[in-house]
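Colleague: Got a file for you: input-v3.txt, compact mmCIF, C-alpha atoms.
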# COMPACT_ATOMS: atom_id res chain seq x y z
CA MET Q 253 162.75 175.46 68.29
CA ASN Q 254 163.63 172.22 66.59
CA PHE Q 255 163.04 169.94 69.53
CA ALA Q 256 159.60 171.30 70.35
CA PRO Q 257 157.61 169.47 67.63
CA THR Q 258 159.28 166.17 68.49
CA ILE Q 259 158.18 166.41 72.10
CA GLU Q 260 154.78 167.60 70.97
CA ALA Q 261 154.50 164.55 68.72
CA VAL Q 262 155.34 162.28 71.66
CA HIS Q 263 152.74 164.09 73.70
CA HIS Q 264 149.96 163.57 71.14
CA GLY Q 265 151.20 160.25 69.87
CA ALA Q 266 152.87 159.90 66.48
CA LEU Q 267 151.56 161.94 63.53
CA LEU Q 268 148.56 160.24 62.02
CA SER Q 269 148.63 159.43 58.34
CA ALA Q 270 146.54 161.70 56.14
CA SER Q 271 143.78 159.13 55.69
CA GLU Q 272 143.34 158.60 59.44
CA ALA Q 273 143.51 162.24 60.50
CA GLY Q 274 140.65 163.56 58.34
CA PRO Q 275 140.59 167.00 56.74
CA ALA Q 276 143.21 169.44 58.03
CA PRO Q 277 142.08 172.63 59.81
CA LYS Q 278 141.37 175.55 57.50
CA ARG Q 279 144.13 177.71 59.04
CA LEU Q 280 146.65 175.11 57.94
CA VAL Q 281 145.24 174.68 54.43
CA VAL Q 282 145.10 178.45 53.86
CA ALA Q 283 148.61 179.08 55.19
CA TYR Q 284 150.03 176.19 53.17
CA GLY Q 285 148.38 177.44 50.00
CA PHE Q 286 149.76 180.90 50.66
CA TRP Q 287 153.22 179.39 51.26
CA ILE Q 288 153.04 177.79 47.79
CA PHE Q 289 152.07 181.19 46.31
CA LEU Q 290 155.01 182.86 48.08
CA LEU Q 291 157.40 180.25 46.69
CA SER Q 292 156.07 180.91 43.18
CA ASP Q 293 156.57 184.64 43.82
CA ILE Q 294 160.16 183.91 44.84
CA VAL Q 295 160.62 181.92 41.62
CA MET Q 296 159.41 184.98 39.69
CA PHE Q 297 161.96 187.13 41.54
CA ALA Q 298 164.61 184.53 40.68
CA ALA Q 299 163.90 185.19 37.00
CA PHE Q 300 164.38 188.95 37.57
CA PHE Q 301 167.58 188.24 39.52
CA ALA Q 302 168.84 186.04 36.67
CA GLY Q 303 168.02 188.78 34.15
CA TYR Q 304 169.86 191.34 36.27
CA ALA Q 305 172.90 189.11 36.76
CA VAL Q 306 173.14 188.49 33.02
CA LEU Q 307 172.75 192.17 32.07
CA VAL Q 308 174.70 193.79 34.92
CA ARG Q 309 177.68 194.66 32.69
CA ALA Q 310 175.57 195.68 29.68
CA THR Q 311 175.73 199.39 30.52
CA ALA Q 312 176.01 200.53 26.86
CA GLY Q 313 178.44 203.28 27.89
CA GLY Q 314 175.98 204.61 30.47
CA PRO Q 315 176.43 204.86 34.24
CA THR Q 316 177.41 201.70 36.15
CA GLY Q 317 176.13 200.49 39.52
CA ALA Q 318 179.26 201.68 41.33
CA GLU Q 319 178.58 205.23 40.10
CA LEU Q 320 174.86 205.22 40.90
CA PHE Q 321 174.32 203.34 44.16
CA ASP Q 322 174.44 205.08 47.53
CA GLN Q 323 175.33 202.59 50.26
CA THR Q 324 174.08 204.75 53.13
CA ASN Q 325 170.65 204.79 51.54
CA VAL Q 326 170.71 200.99 51.17
CA ALA Q 327 171.87 200.53 54.77
CA ILE Q 328 168.94 202.64 56.03
CA GLU Q 329 166.47 200.71 53.85
CA THR Q 330 167.87 197.40 55.10
CA ALA Q 331 167.65 198.52 58.73
CA CYS Q 332 164.02 199.61 58.20
CA LEU Q 333 163.08 196.33 56.56
CA LEU Q 334 164.73 194.20 59.26
CA ALA Q 335 163.05 196.23 61.98
CA SER Q 336 159.68 196.03 60.23
CA SER Q 337 160.01 192.26 59.92
CA PHE Q 338 160.66 192.13 63.67
CA THR Q 339 157.69 194.36 64.53
CA CYS Q 340 155.51 192.32 62.15
CA GLY Q 341 156.48 189.24 64.21
CA LEU Q 342 155.56 191.10 67.41
CA MET Q 343 152.25 192.08 65.79
CA SER Q 344 151.40 188.45 65.08
CA LEU Q 345 152.32 187.55 68.69
CA ALA Q 346 150.00 190.31 69.94
CA ALA Q 347 147.28 189.08 67.56
CA ASN Q 348 147.68 185.53 68.91
CA THR Q 349 146.88 186.80 72.40
CA ARG Q 350 144.08 188.96 70.93
CA ASN Q 351 145.56 192.13 72.35
CA ARG Q 352 144.07 194.87 70.16
CA VAL Q 353 146.12 197.82 71.39
CA ARG Q 354 149.44 196.05 70.93
CA THR Q 355 148.38 194.67 67.54
CA TYR Q 356 147.50 198.18 66.33
CA PHE Q 357 150.71 199.61 67.78
CA PHE Q 358 153.03 197.09 66.13
CA ALA Q 359 151.03 197.27 62.89
CA LEU Q 360 151.53 201.05 62.92
CA VAL Q 361 155.30 200.70 63.49
CA THR Q 362 155.47 198.09 60.70
CA PHE Q 363 153.53 200.41 58.38
CA VAL Q 364 155.75 203.42 59.11
CA LEU Q 365 158.94 201.43 58.52
CA GLY Q 366 157.50 199.94 55.31
CA ALA Q 367 156.45 203.37 54.08
CA ALA Q 368 159.98 204.66 54.85
CA ILE Q 369 161.51 201.95 52.61
CA LEU Q 370 159.09 202.78 49.83
CA ALA Q 371 159.82 206.51 50.15
CA LEU Q 372 163.60 205.87 50.03
CA GLU Q 373 163.21 203.62 46.98
CA ILE Q 374 161.10 206.21 45.17
CA ARG Q 375 163.58 208.96 46.05
CA GLU Q 376 166.47 206.81 44.77
CA PHE Q 377 164.61 206.18 41.50
CA GLY Q 378 163.83 209.89 41.20
CA ASP Q 379 167.47 210.87 41.73
CA MET Q 380 168.63 208.34 39.14
CA ILE Q 381 166.08 209.46 36.56
CA ALA Q 382 167.03 213.10 37.20
CA ILE Q 383 170.64 212.43 36.12
CA GLY Q 384 169.52 210.56 33.00
CA ALA Q 385 169.84 207.00 34.36
CA THR Q 386 166.37 205.99 33.17
CA PRO Q 387 165.22 202.40 32.45
CA HIS Q 388 165.74 202.89 28.71
CA ARG Q 389 169.32 204.16 29.05
CA SER Q 390 170.85 200.65 29.07
CA ALA Q 391 169.93 196.98 29.52
CA PHE Q 392 171.57 197.11 32.96
CA LEU Q 393 169.26 199.92 34.06
CA SER Q 394 166.18 198.18 32.60
CA ALA Q 395 167.00 195.07 34.64
CA PHE Q 396 167.73 197.18 37.74
CA PHE Q 397 164.44 199.10 37.61
CA ALA Q 398 162.48 195.89 36.92
CA LEU Q 399 164.01 194.03 39.86
CA VAL Q 400 164.01 196.79 42.49
CA GLY Q 401 160.72 198.22 41.20
CA CYS Q 402 159.06 194.82 41.51
CA HIS Q 403 160.18 194.64 45.15
CA GLY Q 404 158.87 198.16 45.68
CA LEU Q 405 155.49 197.17 44.21
CA HIS Q 406 155.34 194.23 46.62
CA VAL Q 407 156.07 196.54 49.55
CA ALA Q 408 153.33 198.92 48.38
CA ALA Q 409 150.86 196.03 48.08
CA GLY Q 410 151.88 194.86 51.58
CA LEU Q 411 151.21 198.33 53.02
CA VAL Q 412 147.71 198.41 51.49
CA TRP Q 413 147.07 194.90 52.80
CA LEU Q 414 148.19 195.92 56.30
CA VAL Q 415 145.78 198.87 56.35
CA VAL Q 416 142.95 196.58 55.19
CA MET Q 417 143.81 194.06 57.92
CA MET Q 418 143.72 196.73 60.63
CA ALA Q 419 140.33 197.91 59.32
CA GLN Q 420 139.08 194.32 59.46
CA ILE Q 421 140.26 193.88 63.05
CA ALA Q 422 138.55 197.15 63.96
CA THR Q 423 135.22 196.23 62.31
CA ARG Q 424 135.09 192.44 62.66
CA GLY Q 425 137.42 191.68 65.57
CA PHE Q 426 139.65 188.62 65.83
CA ARG Q 427 137.51 186.20 63.82
CA PRO Q 428 139.18 183.02 62.51
CA ALA Q 429 139.00 184.36 58.93
CA VAL Q 430 140.70 187.61 59.96
CA GLU Q 431 143.35 185.70 61.89
CA ARG Q 432 144.10 183.54 58.85
CA ARG Q 433 144.58 186.64 56.72
CA LEU Q 434 146.88 188.14 59.35
CA LEU Q 435 148.96 184.96 59.28
CA CYS Q 436 149.21 185.20 55.48
CA PHE Q 437 150.17 188.87 55.75
CA SER Q 438 153.03 188.14 58.14
CA LEU Q 439 154.25 185.34 55.83
CA PHE Q 440 154.17 187.80 52.92
CA TRP Q 441 156.05 190.50 54.84
CA HIS Q 442 158.77 188.11 56.03
CA ALA Q 443 159.14 186.71 52.49
CA LEU Q 444 159.66 190.27 51.18
CA ASP Q 445 162.46 190.61 53.70
CA ILE Q 446 164.12 187.44 52.40
CA ILE Q 447 163.95 188.83 48.85
CA TRP Q 448 165.48 192.12 50.06
CA VAL Q 449 168.43 190.18 51.54
CA GLY Q 450 169.16 188.77 48.08
CA LEU Q 451 168.56 192.17 46.55
CA PHE Q 452 170.89 194.28 48.67
CA THR Q 453 173.60 191.63 48.36
CA VAL Q 454 173.42 191.03 44.61
CA VAL Q 455 172.48 194.52 43.39
CA TYR Q 456 174.01 196.95 45.84
CA LEU Q 457 176.90 195.28 47.70
CA MET Q 458 178.23 193.28 44.72
CA GLY Q 459 177.55 196.33 42.55
CA VAL Q 460 179.74 198.71 44.54
CA SER Q 461 182.52 196.35 45.62
CA PRO Q 462 185.44 196.37 43.18
CA MET Y 273 143.79 171.88 69.49
CA THR Y 274 145.40 168.76 68.15
CA GLU Y 275 147.04 170.41 65.17
CA ALA Y 276 150.13 168.29 65.69
CA GLN Y 277 148.21 165.51 63.95
CA TYR Y 278 148.10 167.52 60.75
CA GLY Y 279 151.38 169.39 60.76
CA ARG Y 280 151.95 173.05 61.29
CA ALA Y 281 151.10 176.00 59.10
CA PRO Y 282 154.10 177.92 57.78
CA GLY Y 283 154.70 181.03 59.85
CA ASP Y 284 152.62 179.71 62.71
CA ASN Y 285 154.27 180.25 66.05
CA SER Y 286 152.40 177.82 68.23
CA SER Y 287 150.35 179.38 70.99
CA ASP Y 288 149.44 175.95 72.35
CA PRO Y 289 149.50 176.05 76.17
CA VAL Y 290 150.95 172.51 76.22
CA GLU Y 291 154.21 173.92 74.98
CA ALA Y 292 154.30 176.94 77.24
CA TRP Y 293 157.87 176.08 78.20
CA GLU Y 294 159.26 176.25 74.69
CA PRO Y 295 161.18 179.46 73.91
CA SER Y 296 158.65 182.28 73.88
CA GLY Y 297 157.75 183.91 70.58
CA LEU Y 298 159.39 187.18 71.60
CA LEU Y 299 162.68 185.44 72.34
CA VAL Y 300 162.64 183.67 68.97
CA TYR Y 301 162.02 186.92 67.06
CA THR Y 302 164.68 188.75 69.10
CA ILE Y 303 167.31 186.08 68.42
CA GLY Y 304 166.34 186.20 64.73
CA LEU Y 305 166.68 189.98 64.63
CA LEU Y 306 170.08 189.93 66.37
CA LEU Y 307 171.44 187.26 63.99
CA ALA Y 308 170.04 189.11 60.97
CA VAL Y 309 171.60 192.42 62.10
CA LEU Y 310 174.92 190.66 62.71
CA LEU Y 311 174.93 189.06 59.24
CA THR Y 312 173.83 192.28 57.52
CA THR Y 313 176.55 194.34 59.23
CA THR Y 314 179.13 191.70 58.27
CA SER Y 315 177.90 191.87 54.63
CA PHE Y 316 178.30 195.65 54.52
CA TRP Y 317 181.74 195.40 56.14
CA VAL Y 318 182.87 192.70 53.69
CA ALA Y 319 181.75 194.80 50.72
CA ASN Y 320 183.67 197.86 51.91
CA THR Y 321 186.82 196.52 53.51
CA SER Y 322 190.17 196.32 51.76
CA LEU Y 323 191.47 193.69 54.17
CA LEU Y 324 189.99 190.73 52.33
CA TRP Y 325 191.11 189.03 49.14
CA ALA Y 326 189.11 190.92 46.50
CA PRO Y 327 188.11 188.02 44.18
CA GLY Y 328 186.62 186.14 47.15
CA ILE Y 329 184.33 188.98 48.23
CA ALA Y 330 181.44 188.09 45.89
CA LEU Y 331 181.45 184.50 47.12
CA GLY Y 332 181.63 185.65 50.75
CA LEU Y 333 178.66 187.98 50.22
CA ALA Y 334 176.65 185.15 48.63
CA VAL Y 335 177.37 182.87 51.59
CA LEU Y 336 176.36 185.60 54.08
CA ALA Y 337 173.14 186.27 52.15
CA ILE Y 338 172.18 182.58 52.05
CA ALA Y 339 172.94 182.28 55.78
CA GLN Y 340 170.72 185.28 56.48
CA MET Y 341 167.89 183.83 54.37
CA GLY Y 342 168.19 180.70 56.50
CA VAL Y 343 167.97 182.79 59.69
CA HIS Y 344 164.82 184.49 58.36
CA LEU Y 345 163.23 181.16 57.42
CA VAL Y 346 163.88 179.60 60.83
CA PHE Y 347 163.29 182.53 63.19
CA PHE Y 348 160.68 184.61 61.32
CA LEU Y 349 158.84 182.06 59.16
CA HIS Y 350 159.22 179.25 61.74
CA ILE Y 351 160.25 176.61 59.22
CA THR Y 352 161.79 173.77 61.24
CA THR Y 353 162.96 170.22 60.60
CA GLY Y 354 160.22 168.81 62.85
CA PRO Y 355 157.84 166.11 61.60
CA ASP Y 356 154.92 168.58 61.56
CA ASN Y 357 156.79 170.78 59.07
CA THR Y 358 157.53 168.21 56.36
CA ASN Y 359 155.08 169.64 53.81
CA ASN Y 360 156.42 173.18 54.22
CA VAL Y 361 160.03 172.02 53.90
CA LEU Y 362 159.28 169.92 50.81
CA ALA Y 363 157.56 172.85 49.09
CA LEU Y 364 160.51 175.08 50.05
CA ALA Y 365 163.01 172.53 48.70
CA PHE Y 366 161.18 172.46 45.35
CA GLY Y 367 161.14 176.28 45.26
CA VAL Y 368 164.88 176.43 46.00
CA LEU Y 369 165.53 173.89 43.22
CA ILE Y 370 163.65 176.01 40.66
CA VAL Y 371 165.36 179.21 41.84
CA PHE Y 372 168.74 177.52 41.51
CA LEU Y 373 167.95 176.18 38.01
CA VAL Y 374 166.67 179.56 36.79
CA ILE Y 375 169.60 181.62 38.11
CA ALA Y 376 172.47 179.20 37.52
CA GLY Y 377 171.04 178.08 34.18
CA SER Y 378 170.63 181.64 32.88
CA LEU Y 379 174.13 182.67 33.95
CA TRP Y 380 175.66 179.55 32.41
CA ILE Y 381 173.84 179.78 29.09
CA MET Y 382 174.40 183.52 28.68
CA ALA Y 383 178.10 183.31 29.61
CA ASP Y 384 178.48 180.54 27.04
CA LEU Y 385 176.64 182.59 24.44
CA ASN Y 386 178.88 185.61 25.02
CA GLU Y 387 181.93 183.43 24.56
CA MET Y 388 180.63 182.09 21.26
CA MET Y 389 179.85 185.56 19.88
CA PRO Y 390 182.21 187.02 17.28
CA PRO Y 391 184.42 189.83 18.63
CA ALA Y 392 182.73 193.15 19.33
CA GLU Y 393 184.23 194.87 16.27
CA LEU Y 394 182.42 192.46 13.97
CA MET Y 395 179.08 192.23 15.72
CA ASP Y 396 178.01 194.60 18.44
CA LEU Y 397 175.40 192.38 20.05
CA HIS Y 398 176.86 190.80 23.11
CA MET Y 399 176.16 191.73 26.66
CA GLN Y 400 179.51 192.14 28.34
CA HIS Y 401 180.15 195.82 27.74
As a first step, turn the structure in this file into C-alpha cells.

Modeller:
Amino acid sequence: MNFAPTIEAVHHGALLSASEAGPAPKRLVVAYGFWIFLLSDIVMFAAFFAGYAVLVRATAGGPTGAELFDQTNVAIETACLLASSFTCGLMSLAANTRNRVRTYFFALVTFVLGAAILALEIREFGDMIAIGATPHRSAFLSAFFALVGCHGLHVAAGLVWLVVMMAQIATRGFRPAVERRLLCFSLFWHALDIIWVGLFTVVYLMGVSP
Amino acid sequence: MTEAQYGRAPGDNSSDPVEAWEPSGLLVYTIGLLLAVLLTTTSFWVANTSLLWAPGIALGLAVLAIAQMGVHLVFFLHITTGPDNTNNVLALAFGVLIVFLVIAGSLWIMADLNEMMPPAELMDLHMQH
C-alpha cells in the first residue's frame, strides 16, 4: 500500500502546491471534512473513556465489572463488528465498480451484523438492569452505561444511515453525491470499529482480568 | 482523474486504472481482517490466561489494542504515509494528541486528587472504593 502513492506521484509528476493545483475535487473536500468530524467524535469518546477509567473502581459497594461482564457475549459482538467492517469494505469496493447487486448484498450483510451487535448490547443492558445494576447504582455503572450506550447510539445511527444510503442508490443511482455519502458512511463505520477495539479492551478485558 | 495532485480522501481506495497492479482492494481488506482477528484473539487469550505475569496484562492489552487500531487505520481507512495522505495524517496526529491529553491528563489529575484526600473514615468522597 505504502509504495503505491509514491509511484503514482512519479507518474503524474510531483504533487503541485495548493496554489498551483486549484480547488480540490469535491469528493476529497467532503471526505476530509468528514474525517475531521470523526476525529472530533473520537475525542468525545476519549472523554467518556477517561471518565470511565477514573470511575472504574467507584462501585459504591455495588456490583463490579468482573461480576457483571460476560466475555462470550463480548466475543460475539467483537466478531460481528469485525465482520461488518470487512463487509462494509467489500460494499464500498462493489460501489466503486457500480455493481448494484453486490452493493445491496454487502450492505444487507453489514446491516444484519450491525443489528446483531445492537441487539446484544441492548440485551446486556436489559440483563444488568434486571439484577439492579442500573446507571444510578454507582458512579462506575453511570460511566459504563454512558460509554457503551454512546457506542450503541452510534451503531444505531449508522444502521439508519445505511438504510437511507441503500434507498438513495435505489432511487437516484450511483450519482457523485450518493457516492460521496457512501464514502463518508464507510469511514463512519470503520471509525466505530476502532472505538469498539478500545472499548472491549478497556471495559471488558481489563474489567474481567484479575 | 488526476487526484494525485490534490492528495487522497481518507477511506478512498483508489480505483484508478493506472494503478491496476497495486494490491487489489479485496486483498487489502482480507489482510486487514486476518490481522484484526489475530490481534483480537490474542487480546482475549491474554485476558484469560494464567501463564502471563499478571501485573503486565493491562499493559499488554493496551499495546494489542493500539496495534489493532493501527491495522484498522491502514487496511480499512487506507491512511498511509504517502505524500497524498499528508493532510489526513496531520489531522489524525492532532486527534491522537488530544485523545492522549484528555485520557492521560484525567487519570493523572484524579489519581493525584485521590492521594491528597483525607482517609475514607474522615471524608467519604474519594473515588477508589

Colleague: List the neighbours of Y:Gly342 out to 10 Å using all atoms listed in the file; skip same-chain residues closer than 6 positions along the sequence, and give me the result as a list in words.

Modeller: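 Everything that qualifies: Ile446 of chain Q; Ala308, Leu336, Phe348, Leu349 and Ile351 of chain Y.
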
Colleague: Just give me the gap between atom CA of Q:Arg375 and atom CA of Q:Cys436 in Å, one decimal is fine.

Modeller: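 Spanning atom CA of Q:Arg375 to atom CA of Q:Cys436 is a straight-line distance of 29.3 Å.
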
Colleague: What separation in Å, quoted to one decimal, exists between atom CA of Q:Leu439 and atom CA of Q:Ala371?

Modeller: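 That distance, rounded to one decimal, is 22.6 Å.
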
Colleague: Could you check how far atom CA of Y:Leu345 sits from atom CA of Q:Leu360, in Å to one decimal?

Modeller: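 Result for atom CA of Y:Leu345 versus atom CA of Q:Leu360: 23.7 Å, one decimal.
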
Colleague: Using all atoms listed in the file, which residues sit within 9 Å of Q:Phe301 once same-chain residues fewer than 2 positions away are excluded, as an MDAnalysis selection string?

Modeller: (chainID Q and resid 296:299 303:306 395 399 450:451 454:455) or (chainID Y and resid 375)

Colleague: Could you tell me which of Q:Val353, Q:Ala391, Q:Met417, Q:Leu365 comes closest to chain Y if we count only C-alpha atoms?

Modeller: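 Of the candidates, the smallest distance to chain Y is held by Q:Ala391.
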
Colleague: Can you pull out every residue within 12 Å of Y:Phe372, counting all atoms listed in the file, but drop anything in the same chain fewer than 3 positions away, and send it as a ChimeraX atom specification?

Modeller: /Q:294-295,297-299,301-302 /Y:365-369,375-380

Colleague: Missing atoms in stretch 387-401 of chain Q: can you complete it with N, CA, C and O atoms, as a PDB file, in the frame of the given file?

Modeller:
ATOM      1  N   PRO Q 387     165.250 203.819  32.841  1.00  0.00           N
ATOM      2  CA  PRO Q 387     165.220 202.400  32.450  1.00  0.00           C
ATOM      3  C   PRO Q 387     165.605 202.167  30.995  1.00  0.00           C
ATOM      4  O   PRO Q 387     166.116 201.110  30.667  1.00  0.00           O
ATOM      5  N   HIS Q 388     165.380 203.149  30.105  1.00  0.00           N
ATOM      6  CA  HIS Q 388     165.740 202.890  28.710  1.00  0.00           C
ATOM      7  C   HIS Q 388     167.133 203.369  28.338  1.00  0.00           C
ATOM      8  O   HIS Q 388     167.490 203.376  27.172  1.00  0.00           O
ATOM      9  N   ARG Q 389     167.945 203.755  29.347  1.00  0.00           N
ATOM     10  CA  ARG Q 389     169.320 204.160  29.050  1.00  0.00           C
ATOM     11  C   ARG Q 389     170.173 202.955  28.654  1.00  0.00           C
ATOM     12  O   ARG Q 389     170.962 203.025  27.714  1.00  0.00           O
ATOM     13  N   SER Q 390     170.054 201.844  29.391  1.00  0.00           N
ATOM     14  CA  SER Q 390     170.850 200.650  29.070  1.00  0.00           C
ATOM     15  C   SER Q 390     170.110 199.406  29.571  1.00  0.00           C
ATOM     16  O   SER Q 390     169.186 199.505  30.379  1.00  0.00           O
ATOM     17  N   ALA Q 391     170.549 198.237  29.078  1.00  0.00           N
ATOM     18  CA  ALA Q 391     169.930 196.980  29.520  1.00  0.00           C
ATOM     19  C   ALA Q 391     170.137 196.782  31.015  1.00  0.00           C
ATOM     20  O   ALA Q 391     169.259 196.283  31.721  1.00  0.00           O
ATOM     21  N   PHE Q 392     171.314 197.201  31.518  1.00  0.00           N
ATOM     22  CA  PHE Q 392     171.570 197.110  32.960  1.00  0.00           C
ATOM     23  C   PHE Q 392     170.524 197.882  33.745  1.00  0.00           C
ATOM     24  O   PHE Q 392     169.960 197.376  34.719  1.00  0.00           O
ATOM     25  N   LEU Q 393     170.224 199.111  33.312  1.00  0.00           N
ATOM     26  CA  LEU Q 393     169.260 199.920  34.060  1.00  0.00           C
ATOM     27  C   LEU Q 393     167.843 199.373  33.924  1.00  0.00           C
ATOM     28  O   LEU Q 393     167.059 199.427  34.875  1.00  0.00           O
ATOM     29  N   SER Q 394     167.499 198.815  32.750  1.00  0.00           N
ATOM     30  CA  SER Q 394     166.180 198.180  32.600  1.00  0.00           C
ATOM     31  C   SER Q 394     166.022 197.062  33.632  1.00  0.00           C
ATOM     32  O   SER Q 394     165.005 196.960  34.324  1.00  0.00           O
ATOM     33  N   ALA Q 395     167.064 196.204  33.721  1.00  0.00           N
ATOM     34  CA  ALA Q 395     167.000 195.070  34.640  1.00  0.00           C
ATOM     35  C   ALA Q 395     166.948 195.567  36.081  1.00  0.00           C
ATOM     36  O   ALA Q 395     166.199 195.026  36.913  1.00  0.00           O
ATOM     37  N   PHE Q 396     167.716 196.632  36.385  1.00  0.00           N
ATOM     38  CA  PHE Q 396     167.730 197.180  37.740  1.00  0.00           C
ATOM     39  C   PHE Q 396     166.348 197.706  38.137  1.00  0.00           C
ATOM     40  O   PHE Q 396     165.818 197.371  39.198  1.00  0.00           O
ATOM     41  N   PHE Q 397     165.744 198.518  37.261  1.00  0.00           N
ATOM     42  CA  PHE Q 397     164.440 199.100  37.610  1.00  0.00           C
ATOM     43  C   PHE Q 397     163.372 198.010  37.697  1.00  0.00           C
ATOM     44  O   PHE Q 397     162.471 198.081  38.536  1.00  0.00           O
ATOM     45  N   ALA Q 398     163.465 196.980  36.847  1.00  0.00           N
ATOM     46  CA  ALA Q 398     162.480 195.890  36.920  1.00  0.00           C
ATOM     47  C   ALA Q 398     162.583 195.162  38.246  1.00  0.00           C
ATOM     48  O   ALA Q 398     161.578 194.924  38.927  1.00  0.00           O
ATOM     49  N   LEU Q 399     163.818 194.820  38.637  1.00  0.00           N
ATOM     50  CA  LEU Q 399     164.010 194.030  39.860  1.00  0.00           C
ATOM     51  C   LEU Q 399     163.646 194.832  41.103  1.00  0.00           C
ATOM     52  O   LEU Q 399     162.810 194.398  41.917  1.00  0.00           O
ATOM     53  N   VAL Q 400     164.258 196.002  41.280  1.00  0.00           N
ATOM     54  CA  VAL Q 400     164.010 196.790  42.490  1.00  0.00           C
ATOM     55  C   VAL Q 400     162.579 197.331  42.484  1.00  0.00           C
ATOM     56  O   VAL Q 400     161.904 197.358  43.521  1.00  0.00           O
ATOM     57  N   GLY Q 401     162.091 197.718  41.297  1.00  0.00           N
ATOM     58  CA  GLY Q 401     160.720 198.220  41.200  1.00  0.00           C
ATOM     59  C   GLY Q 401     159.704 197.154  41.572  1.00  0.00           C
ATOM     60  O   GLY Q 401     158.686 197.446  42.207  1.00  0.00           O
TER      61      GLY Q 401
END
